[in-house]
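Undergrad: Got entry00.cif for you, mmCIF, C-alpha atoms:
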```cif
data_coords
#
loop_
_atom_site.label_atom_id
_atom_site.label_comp_id
_atom_site.auth_asym_id
_atom_site.auth_seq_id
_atom_site.Cartn_x
_atom_site.Cartn_y
_atom_site.Cartn_z
CA MET A 1 122.06 -145.19 -108.43
CA ALA A 2 121.63 -148.90 -108.90
CA ASP A 3 123.15 -150.53 -111.97
CA ALA A 4 121.75 -148.75 -115.04
CA GLY A 5 121.81 -150.08 -118.58
CA VAL A 6 120.29 -150.14 -122.03
CA HIS A 7 119.23 -153.42 -123.64
CA ILE A 8 117.19 -154.66 -126.59
CA ALA A 9 113.59 -155.10 -125.47
CA THR A 10 112.12 -158.59 -125.71
CA ALA A 11 108.61 -160.01 -125.75
CA ALA A 12 108.92 -160.47 -121.98
CA ASP A 13 109.18 -156.66 -121.63
CA LEU A 14 106.03 -155.80 -123.60
CA SER A 15 103.59 -155.36 -120.73
CA GLU A 16 105.97 -153.04 -118.87
CA ILE A 17 106.71 -150.97 -122.00
CA VAL A 18 102.99 -150.58 -122.69
CA ARG A 19 102.37 -149.62 -119.05
CA ILE A 20 105.14 -147.00 -119.07
CA HIS A 21 103.88 -145.57 -122.36
CA ARG A 22 100.26 -145.27 -121.21
CA GLU A 23 100.92 -144.01 -117.68
CA THR A 24 103.60 -141.51 -118.69
CA TRP A 25 101.50 -140.06 -121.50
CA ARG A 26 98.47 -139.83 -119.20
CA LEU A 27 100.54 -137.82 -116.75
CA ALA A 28 102.52 -135.68 -119.21
CA TYR A 29 99.80 -134.97 -121.77
CA SER A 30 96.61 -134.78 -119.70
CA GLN A 31 96.26 -131.07 -120.62
CA LEU A 32 97.07 -131.63 -124.32
CA LEU A 33 95.07 -134.72 -125.22
CA PRO A 34 91.49 -135.78 -124.46
CA ARG A 35 91.10 -138.61 -121.95
CA GLU A 36 89.60 -140.86 -124.65
CA VAL A 37 92.80 -140.57 -126.68
CA LEU A 38 94.99 -141.29 -123.68
CA ASP A 39 92.87 -144.31 -122.81
CA THR A 40 93.32 -145.83 -126.28
CA LEU A 41 97.04 -145.45 -126.91
CA ASP A 42 98.94 -147.89 -129.13
CA THR A 43 97.84 -151.46 -128.99
CA ASP A 44 99.94 -154.25 -127.60
CA GLU A 45 100.14 -155.60 -131.18
CA ALA A 46 101.93 -152.47 -132.44
CA TRP A 47 104.44 -152.72 -129.60
CA ALA A 48 104.91 -156.45 -130.22
CA MET A 49 105.81 -155.75 -133.85
CA ALA A 50 108.33 -153.03 -132.92
CA VAL A 51 109.94 -155.32 -130.35
CA GLN A 52 110.06 -158.22 -132.81
CA GLN A 53 111.87 -155.94 -135.30
CA GLN A 54 114.37 -155.05 -132.54
CA ALA A 55 113.41 -151.37 -132.89
CA VAL A 56 112.89 -150.92 -129.13
CA LEU A 57 115.62 -150.49 -126.54
CA LYS A 58 114.77 -150.47 -122.86
CA ALA A 59 116.48 -148.57 -120.06
CA THR A 60 116.90 -150.42 -116.81
CA GLU A 61 117.89 -149.45 -113.33
CA GLY A 62 118.51 -152.47 -111.19
CA GLU A 63 115.67 -154.88 -111.90
CA TRP A 64 113.28 -152.17 -113.17
CA ILE A 65 112.49 -151.11 -116.72
CA VAL A 66 112.41 -147.32 -116.46
CA GLY A 67 112.03 -146.16 -120.07
CA PHE A 68 112.47 -147.00 -123.72
CA VAL A 69 113.32 -145.64 -127.14
CA VAL A 70 111.84 -146.71 -130.46
CA ALA A 71 114.26 -146.06 -133.32
CA SER A 72 114.11 -147.01 -136.98
CA LYS A 73 114.48 -145.72 -140.51
CA ALA A 74 112.19 -142.74 -140.96
CA PRO A 75 109.27 -143.23 -143.36
CA HIS A 76 109.22 -140.69 -146.19
CA ASP A 77 106.14 -138.91 -144.82
CA GLU A 78 107.98 -138.33 -141.52
CA VAL A 79 111.13 -136.86 -143.08
CA ALA A 80 109.59 -134.87 -145.95
CA LYS A 81 110.04 -131.11 -146.05
CA ALA A 82 107.01 -128.85 -145.53
CA ASP A 83 106.46 -128.73 -149.31
CA GLY A 84 106.39 -132.54 -149.49
CA SER A 85 109.78 -132.92 -151.16
CA LEU A 86 112.35 -135.26 -149.69
CA PRO A 87 115.72 -134.04 -148.41
CA GLU A 88 118.88 -135.50 -149.92
CA ASP A 89 119.45 -137.61 -146.80
CA ALA A 90 115.92 -139.08 -146.69
CA GLU A 91 117.17 -142.65 -147.11
CA THR A 92 119.60 -142.31 -144.19
CA THR A 93 117.33 -140.46 -141.75
CA ALA A 94 116.03 -142.26 -138.67
CA VAL A 95 113.09 -141.43 -136.44
CA LEU A 96 113.30 -141.78 -132.66
CA SER A 97 110.83 -141.57 -129.83
CA VAL A 98 112.14 -141.75 -126.26
CA LEU A 99 110.18 -141.99 -123.04
CA VAL A 100 111.36 -142.31 -119.45
CA GLU A 101 108.92 -142.74 -116.62
CA PRO A 102 108.92 -139.43 -114.65
CA ARG A 103 109.84 -140.99 -111.31
CA TRP A 104 113.08 -142.21 -112.95
CA GLY A 105 113.79 -138.93 -114.72
CA ARG A 106 116.91 -136.77 -114.43
CA ARG A 107 119.13 -139.82 -113.93
CA GLY A 108 120.59 -140.05 -117.44
CA HIS A 109 118.31 -142.82 -118.73
CA GLY A 110 116.98 -140.80 -121.68
CA THR A 111 120.44 -139.77 -122.82
CA ARG A 112 121.74 -143.35 -122.50
CA LEU A 113 118.80 -144.63 -124.53
CA VAL A 114 119.27 -142.09 -127.32
CA ALA A 115 123.06 -142.53 -127.37
CA GLU A 116 122.76 -146.30 -127.78
CA ALA A 117 119.97 -145.97 -130.36
CA CYS A 118 122.10 -143.49 -132.33
CA ARG A 119 125.11 -145.80 -132.20
CA ARG A 120 123.05 -148.68 -133.58
CA LEU A 121 121.43 -146.49 -136.23
CA GLN A 122 124.83 -145.26 -137.41
CA GLU A 123 126.02 -148.86 -137.69
CA GLY A 124 123.03 -149.43 -139.96
CA GLY A 125 123.96 -146.48 -142.19
CA ALA A 126 121.78 -143.72 -140.72
CA THR A 127 123.25 -140.22 -140.72
CA ARG A 128 120.62 -138.03 -139.07
CA GLY A 129 117.79 -138.38 -136.59
CA ILE A 130 114.39 -136.77 -136.25
CA ALA A 131 111.74 -136.81 -133.55
CA TRP A 132 108.25 -135.32 -133.33
CA VAL A 133 107.46 -133.47 -130.11
CA PRO A 134 104.26 -131.71 -129.05
CA GLU A 135 105.00 -128.00 -129.31
CA ALA A 136 103.74 -127.45 -125.75
CA ASP A 137 106.03 -130.18 -124.32
CA LYS A 138 108.89 -127.96 -123.15
CA ALA A 139 110.57 -130.76 -121.19
CA SER A 140 110.96 -132.96 -124.28
CA ARG A 141 112.06 -130.03 -126.44
CA ASN A 142 114.70 -129.11 -123.83
CA PHE A 143 115.88 -132.73 -123.68
CA TYR A 144 116.50 -132.85 -127.43
CA GLU A 145 118.15 -129.41 -127.38
CA ARG A 146 120.63 -130.65 -124.75
CA LEU A 147 121.49 -133.46 -127.19
CA GLY A 148 122.25 -130.93 -129.92
CA TRP A 149 118.97 -131.36 -131.79
CA SER A 150 116.74 -128.43 -132.72
CA GLY A 151 113.51 -127.62 -134.50
CA ASP A 152 114.00 -127.77 -138.26
CA GLY A 153 111.00 -125.57 -139.08
CA THR A 154 108.61 -128.41 -139.91
CA VAL A 155 105.36 -128.65 -137.98
CA ARG A 156 102.30 -130.81 -138.23
CA THR A 157 98.91 -130.73 -136.60
CA LEU A 158 97.31 -134.02 -135.63
CA ASP A 159 93.67 -134.64 -134.86
CA ALA A 160 93.75 -135.90 -131.28
CA GLY A 161 90.18 -136.95 -130.68
CA GLY A 162 88.77 -133.72 -132.10
CA ARG A 163 91.41 -131.55 -130.46
CA PRO A 164 94.32 -130.31 -132.61
CA LEU A 165 97.78 -131.27 -131.40
CA ARG A 166 100.59 -129.25 -132.95
CA GLU A 167 103.95 -131.02 -133.13
CA ILE A 168 107.35 -129.74 -134.13
CA ARG A 169 110.00 -131.87 -135.76
CA VAL A 170 113.42 -131.74 -134.15
CA SER A 171 116.45 -132.96 -136.02
CA GLY A 172 120.05 -133.62 -135.18
CA PRO A 173 123.19 -135.64 -135.60
CA LEU A 174 123.50 -139.23 -134.48
CA THR A 175 126.60 -138.35 -132.48
CA VAL A 176 125.00 -138.20 -129.04
CA ARG A 177 127.68 -138.71 -126.42
CA LEU A 178 127.36 -139.59 -122.78
CA ASP A 179 128.93 -137.17 -120.31
CA SER A 180 131.81 -138.70 -118.42
#
```
As structure tokens - that is how I would like this structure written.

TA:
Amino acid sequence: MADAGVHIATAADLSEIVRIHRETWRLAYSQLLPREVLDTLDTDEAWAMAVQQQAVLKATEGEWIVGFVVASKAPHDEVAKADGSLPEDAETTAVLSVLVEPRWGRRGHGTRLVAEACRRLQEGGATRGIAWVPEADKASRNFYERLGWSGDGTVRTLDAGGRPLREIRVSGPLTVRLDS
């Protein structure tokens, strides 16, 4: 494998991050989401704001950006229990979303991204991480399980262009380690 790394994404990386997001979701979720939803994923402006806040890390292999993770303090509505109450660690819970382009998969990029994001989150005082994963996305659920994260019993159903999309919340420690 060429030189692999994880770096803070910059404005120069925006177009590639947006491309990876759109193309990977179109491939992975074509059976779960209507085409109209996949064609109108997050705007460049939303990504620009996340990058400006240094909430996006990119994975690289050689000269290529191959994936990214968005990681930040979890908003209360993301971390709330099913009954709407907040857990004791609500103020120190982070939310992550990781995506690696399939052609670069199974090379450790996702784990490196999450490990570095977790390290940075811990430095900022975070103690636990959460992620929302479509229930039908077994690959993503397996990825988080290998990191020691598991479903915490909280689910939500989103309206995805008139089609319900059920997501499960996975939760785990911010102690993700890279295999030697």

Undergrad: Neighbouring residues of Lys81 (chain A) were defined as those with any atom within 12 Å, considering all atoms listed in the file; residues of the same chain fewer than 6 positions away were excluded. Please report them as a list in words.

TA: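 The filter keeps Pro87, Glu88, Asp89, Ala90, Asp152, Gly153, Thr154, Val155, Arg156 and Arg169 of chain A.
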
Undergrad: What gap, in Å, lies between CA of Phe143 (chain A) and CA of Gly172 (chain A)?

TA: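 Calculated distance between CA of Phe143 (chain A) and CA of Gly172 (chain A) is 12.3 Å.
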
Undergrad: Of the candidates A:Pro173, A:Arg107, A:Gln31, A:Val18, which one gets nearest to Val95 (chain A) if we count all atoms listed in the file?

TA: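 For Val95 (chain A), the nearest of the given residues is A:Pro173.
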
Undergrad: Using only C-alpha atoms, which residues sit within 12 Å of Val70 (chain A) once same-chain residues fewer than 6 positions away are excluded, as a ChimeraX atom specification?

TA: /A:8-9,17,21,46-59,94-100,110,113-114,116-118,120-121,129-131

Undergrad: With all atoms listed in the file as the basis for distance, which of A:Ala139, A:Leu32, A:Ala115, A:Val69 is at the shortest distance from Leu165 (chain A)?

TA: A:Leu32

Undergrad: In Å to one decimal, how far is CA of Arg19 (chain A) from CA of Trp149 (chain A)?

TA: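 It comes out at 27.8 Å.
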
Undergrad: Have a look at CA of Asp44 (chain A) and CA of Ala28 (chain A) and let me know their distance in Å, one decimal.

TA: 20.5 Å

Undergrad: Using the chain letters and numbers from the file, give me the residues hit by the PyMOL selection byres ((chain A and resi 65) around 10), as a list in words.

TA: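 Answer for the PyMOL selection byres ((chain A and resi 65) around 10): Ala4, Gly5, Val6, His7, Ala9, Asp13, Glu16, Ile17, Ile20, Lys58, Ala59, Thr60, Glu61, Gly62, Glu63, Trp64, Val66, Gly67, Phe68, Val100, Glu101 and Trp104 of chain A.
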
Undergrad: When distances are computed from all atoms listed in the file, which of A:Lys138, A:Arg146, A:Arg177, A:His109 shows the smallest separation from Tyr29 (chain A)?

TA: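 Under the stated criterion, the closest residue is A:Lys138.
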
Undergrad: Could you work out an axis-aligned bounding box for all listed atoms of region 89-101 of chain A, with 5 Å added on each of the six sides, and give its centre and edge lengths in Å to one decimal, as AutoDock Vina command-line options?

TA:
```
--center_x 114.3 --center_y -140.2 --center_z -131.9 --size_x 20.7 --size_y 15.1 --size_z 40.5
```

Undergrad: List the residues sitting within 12 Å of (114.5, -145.8, -148.1) in the file's frame, using all atoms listed in the file, as a PyMOL selection string.

TA: chain A and resi 72-79+86-94+125-126

Undergrad: Dump C-alpha atoms for the selected residues as an mmCIF file, in the coordinates of the input?

TA:
```cif
data_model
loop_
_atom_site.group_PDB
_atom_site.id
_atom_site.type_symbol
_atom_site.label_atom_id
_atom_site.label_comp_id
_atom_site.auth_asym_id
_atom_site.auth_seq_id
_atom_site.Cartn_x
_atom_site.Cartn_y
_atom_site.Cartn_z
ATOM 1 C CA SER A 72 114.110 -147.010 -136.980
ATOM 2 C CA LYS A 73 114.480 -145.720 -140.510
ATOM 3 C CA ALA A 74 112.190 -142.740 -140.960
ATOM 4 C CA PRO A 75 109.270 -143.230 -143.360
ATOM 5 C CA HIS A 76 109.220 -140.690 -146.190
ATOM 6 C CA ASP A 77 106.140 -138.910 -144.820
ATOM 7 C CA GLU A 78 107.980 -138.330 -141.520
ATOM 8 C CA VAL A 79 111.130 -136.860 -143.080
ATOM 9 C CA LEU A 86 112.350 -135.260 -149.690
ATOM 10 C CA PRO A 87 115.720 -134.040 -148.410
ATOM 11 C CA GLU A 88 118.880 -135.500 -149.920
ATOM 12 C CA ASP A 89 119.450 -137.610 -146.800
ATOM 13 C CA ALA A 90 115.920 -139.080 -146.690
ATOM 14 C CA GLU A 91 117.170 -142.650 -147.110
ATOM 15 C CA THR A 92 119.600 -142.310 -144.190
ATOM 16 C CA THR A 93 117.330 -140.460 -141.750
ATOM 17 C CA ALA A 94 116.030 -142.260 -138.670
ATOM 18 C CA GLY A 125 123.960 -146.480 -142.190
ATOM 19 C CA ALA A 126 121.780 -143.720 -140.720
#
```

Undergrad: With only C-alpha atoms as the atoms that count, which of A:Ala82, A:Ala11, A:Leu158, A:Pro102 lies nearest to Arg26 (chain A)?

TA: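 Distance minimum relative to Arg26 (chain A) lands on A:Pro102.
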
Undergrad: Which residues are close to Ala160 (chain A), i.e. within 8 Å by all atoms listed in the file, leaving aside same-chain residues fewer than 5 positions away? Reply as a PDB file with C-alpha atoms, in the coordinates of the input.

TA:
```pdb
ATOM      1  CA  LEU A  33      95.070-134.720-125.220  1.00  0.00           C
ATOM      2  CA  PRO A  34      91.490-135.780-124.460  1.00  0.00           C
ATOM      3  CA  VAL A  37      92.800-140.570-126.680  1.00  0.00           C
ATOM      4  CA  LEU A 165      97.780-131.270-131.400  1.00  0.00           C
TER       5      LEU A 165
END
```

Undergrad: Please tell me which residues are no farther than 6 Å from (125.0, -133.1, -130.6) in the file, counting only C-alpha atoms, and write them as an MDAnalysis selection string.

TA: chainID A and resid 147:148 173 175:176
